[in-house]
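Engineer: One structure, as structure tokens, below. Some questions next.
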Amino acid sequence: MSELSRIGVAIDSSLLKKFDSLIASRGYTNRSEAFRDLIRDELVQKSWEGPDTTVVGTVTLVYDHHVRLLNEKLTGMQHSHFHHVLSTLHVHLDHDNCLEVLVVKGKASVVKKLADALISTKGVKHGRLTITSTGAEL
């Protein structure tokens, strides 16, 4: 661990009370680690802005598997980007709906473009890209 620095922060008492309640509900035992996580989260989000930044993440899709040729389209896109799709999970939610989660890695711009293409495919009911850091720069 690197050298620790101590800082002082002035926070409105009612805001601090809400923050303490929030971090307690998430299992934090002290404010310092919660503040560190908030700062890390902001730094990770900022890093996504660089299109050449290497990121990892998940693309979550919910779709109707009865839509004609949808499975083939989604699988085809994944195969076209096989070097960015590390893994997939496919779950049958009910008779009509499937959940697919793809683990992706690559340049932020490429990952976002792939996710947008998958999510906007006709028959996909809902999709979301969640990006995080590879952890190397944290």
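Quick note on naming: the chains in the structure tokens go A, B, ... in the order shown, residues restart at 1 in each chain, and ligands are numbered from 1 in order of appearance.
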Please identify every residue of stretch 80-106 of chain A that has at least one atom no farther than 10 Å from an atom of stretch 38-57 of chain A, counting only C-alpha atoms, and for each give the shortest atom pair and the distance in Å to one decimal, arranged by chain then increasing number, as a Markdown table.

Structural biologist:
```
| residue | atom | partner | partner_atom | distance |
| --- | --- | --- | --- | --- |
| A:His84 | CA | A:Val56 | CA | 9.2 |
| A:Val85 | CA | A:Gly57 | CA | 9.8 |
| A:Leu86 | CA | A:Val56 | CA | 9.6 |
| A:Leu102 | CA | A:Gly57 | CA | 8.2 |
| A:Val103 | CA | A:Gly57 | CA | 5.8 |
| A:Val104 | CA | A:Gly57 | CA | 5.3 |
| A:Lys105 | CA | A:Val56 | CA | 4.3 |
| A:Gly106 | CA | A:Thr54 | CA | 5.1 |
```

Engineer: What parts of stretch 30-131 of chain A does DSSP call strand (DSSP E or B)? I'd like the answer as a PyMOL selection string.

Structural biologist: chain A and resi 54-64+85-92+97-107+124-131

Engineer: Filtering to N, CA and C atoms, could you give me those residues as a tab-separated table (two decimals), in the first residue's frame?

Structural biologist:
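out.tsv written:
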```tsv
chain	number	residue	atom	x	y	z
A	54	THR	N	-8.02	0.80	-22.38
A	54	THR	CA	-8.47	-0.59	-22.30
A	54	THR	C	-9.40	-0.75	-21.11
A	55	VAL	N	-10.57	-1.29	-21.38
A	55	VAL	CA	-11.58	-1.49	-20.34
A	55	VAL	C	-12.07	-2.94	-20.38
A	56	VAL	N	-12.70	-3.33	-19.31
A	56	VAL	CA	-13.42	-4.61	-19.25
A	56	VAL	C	-14.83	-4.29	-18.82
A	57	GLY	N	-15.74	-5.18	-19.10
A	57	GLY	CA	-17.11	-4.92	-18.69
A	57	GLY	C	-18.03	-6.05	-19.07
A	58	THR	N	-19.31	-5.78	-18.91
A	58	THR	CA	-20.34	-6.74	-19.28
A	58	THR	C	-21.38	-6.05	-20.14
A	59	VAL	N	-21.91	-6.81	-21.08
A	59	VAL	CA	-23.06	-6.39	-21.85
A	59	VAL	C	-24.18	-7.34	-21.46
A	60	THR	N	-25.26	-6.80	-20.92
A	60	THR	CA	-26.39	-7.60	-20.49
A	60	THR	C	-27.54	-7.37	-21.46
A	61	LEU	N	-28.09	-8.46	-21.99
A	61	LEU	CA	-29.18	-8.39	-22.95
A	61	LEU	C	-30.35	-9.24	-22.48
A	62	VAL	N	-31.55	-8.72	-22.63
A	62	VAL	CA	-32.77	-9.50	-22.44
A	62	VAL	C	-33.50	-9.45	-23.77
A	63	TYR	N	-33.84	-10.63	-24.29
A	63	TYR	CA	-34.47	-10.64	-25.61
A	63	TYR	C	-35.45	-11.79	-25.76
A	64	ASP	N	-36.31	-11.63	-26.74
A	64	ASP	CA	-37.31	-12.63	-27.10
A	64	ASP	C	-36.68	-13.59	-28.08
A	85	VAL	N	-14.87	-10.48	-26.99
A	85	VAL	CA	-15.84	-11.20	-26.16
A	85	VAL	C	-15.10	-12.34	-25.47
A	86	LEU	N	-14.90	-12.20	-24.16
A	86	LEU	CA	-14.13	-13.19	-23.40
A	86	LEU	C	-14.96	-14.38	-22.99
A	87	SER	N	-16.24	-14.12	-22.70
A	87	SER	CA	-17.10	-15.19	-22.21
A	87	SER	C	-18.56	-14.76	-22.34
A	88	THR	N	-19.46	-15.74	-22.39
A	88	THR	CA	-20.89	-15.44	-22.40
A	88	THR	C	-21.61	-16.38	-21.46
A	89	LEU	N	-22.74	-15.91	-20.97
A	89	LEU	CA	-23.65	-16.70	-20.14
A	89	LEU	C	-25.03	-16.55	-20.75
A	90	HIS	N	-25.69	-17.65	-20.99
A	90	HIS	CA	-27.04	-17.62	-21.57
A	90	HIS	C	-28.00	-18.29	-20.58
A	91	VAL	N	-29.09	-17.59	-20.25
A	91	VAL	CA	-30.07	-18.10	-19.30
A	91	VAL	C	-31.45	-18.02	-19.92
A	92	HIS	N	-32.22	-19.10	-19.83
A	92	HIS	CA	-33.60	-19.11	-20.29
A	92	HIS	C	-34.47	-18.61	-19.13
A	97	ASN	N	-38.37	-15.53	-23.12
A	97	ASN	CA	-37.29	-14.58	-22.89
A	97	ASN	C	-35.98	-15.23	-22.45
A	98	CYS	N	-34.90	-14.66	-22.94
A	98	CYS	CA	-33.56	-15.10	-22.58
A	98	CYS	C	-32.76	-13.92	-22.04
A	99	LEU	N	-31.83	-14.25	-21.18
A	99	LEU	CA	-30.87	-13.29	-20.66
A	99	LEU	C	-29.50	-13.73	-21.16
A	100	GLU	N	-28.75	-12.81	-21.71
A	100	GLU	CA	-27.40	-13.12	-22.13
A	100	GLU	C	-26.46	-12.08	-21.55
A	101	VAL	N	-25.37	-12.53	-20.95
A	101	VAL	CA	-24.37	-11.65	-20.38
A	101	VAL	C	-23.04	-11.95	-21.05
A	102	LEU	N	-22.44	-10.94	-21.64
A	102	LEU	CA	-21.16	-11.07	-22.30
A	102	LEU	C	-20.10	-10.35	-21.48
A	103	VAL	N	-18.98	-10.99	-21.27
A	103	VAL	CA	-17.84	-10.34	-20.65
A	103	VAL	C	-16.96	-9.85	-21.79
A	104	VAL	N	-16.69	-8.54	-21.81
A	104	VAL	CA	-15.97	-7.93	-22.92
A	104	VAL	C	-14.72	-7.21	-22.42
A	105	LYS	N	-13.74	-7.11	-23.32
A	105	LYS	CA	-12.50	-6.41	-22.99
A	105	LYS	C	-11.95	-5.82	-24.28
A	106	GLY	N	-11.44	-4.59	-24.19
A	106	GLY	CA	-10.83	-3.97	-25.34
A	106	GLY	C	-10.79	-2.46	-25.19
A	107	LYS	N	-10.47	-1.79	-26.28
A	107	LYS	CA	-10.47	-0.33	-26.28
A	107	LYS	C	-11.89	0.16	-26.01
A	124	VAL	N	-34.13	-7.27	-29.20
A	124	VAL	CA	-33.55	-7.09	-27.86
A	124	VAL	C	-34.46	-6.13	-27.10
A	125	LYS	N	-35.01	-6.62	-25.99
A	125	LYS	CA	-35.95	-5.82	-25.20
A	125	LYS	C	-35.25	-4.82	-24.31
A	126	HIS	N	-34.10	-5.21	-23.78
A	126	HIS	CA	-33.35	-4.33	-22.89
A	126	HIS	C	-31.90	-4.73	-22.92
A	127	GLY	N	-31.03	-3.74	-22.84
A	127	GLY	CA	-29.61	-4.02	-22.78
A	127	GLY	C	-28.89	-2.95	-22.01
A	128	ARG	N	-27.75	-3.33	-21.47
A	128	ARG	CA	-26.96	-2.36	-20.72
A	128	ARG	C	-25.49	-2.76	-20.78
A	129	LEU	N	-24.66	-1.75	-20.97
A	129	LEU	CA	-23.21	-1.93	-20.91
A	129	LEU	C	-22.74	-1.42	-19.57
A	130	THR	N	-21.98	-2.23	-18.88
A	130	THR	CA	-21.35	-1.82	-17.63
A	130	THR	C	-19.85	-1.96	-17.83
A	131	ILE	N	-19.16	-0.84	-17.69
A	131	ILE	CA	-17.71	-0.83	-17.92
A	131	ILE	C	-17.00	-0.59	-16.60
```

Engineer: Excluding same-chain residues fewer than 5 positions from stretch 9-20 of chain A, what lies within 10 Å of it counting only C-alpha atoms, as a list in words?

Structural biologist: Ser25, Arg26, Tyr28, Thr29, Asn30, Arg31 and Ala34 of chain A

Engineer: Keeping only C-alpha atoms, write the selected residues to a file as a short mmCIF file (atom, residue, chain, number, x, y, z; two decimals), in the first residue's frame.

Structural biologist:
```
data_model
loop_
_atom_site.label_atom_id
_atom_site.label_comp_id
_atom_site.auth_asym_id
_atom_site.auth_seq_id
_atom_site.Cartn_x
_atom_site.Cartn_y
_atom_site.Cartn_z
CA SER A 25 -26.16 -0.52 4.70
CA ARG A 26 -23.43 -1.47 2.21
CA TYR A 28 -18.51 -0.39 5.22
CA THR A 29 -16.96 -0.30 8.67
CA ASN A 30 -15.49 3.18 8.25
CA ARG A 31 -15.87 6.31 6.16
CA ALA A 34 -16.18 4.44 1.42
#
```

Engineer: For atom CA of A:Gly123 and atom CA of A:Ala108, determine how far apart the two atoms are, in Å to one decimal place.

Structural biologist: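 Result for atom CA of A:Gly123 versus atom CA of A:Ala108: 25.2 Å, one decimal.
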
Engineer: DSSP on the backbone: which residues in chain A end up as alpha helix (DSSP H)? Give the answer as an MDAnalysis selection string.

Structural biologist: chainID A and resid 13:25 31:47 70:80 108:119

Engineer: Between atom CA of A:His83 and atom CA of A:Ile119, what is the distance, to one decimal in Å?

Structural biologist: 18.9 Å
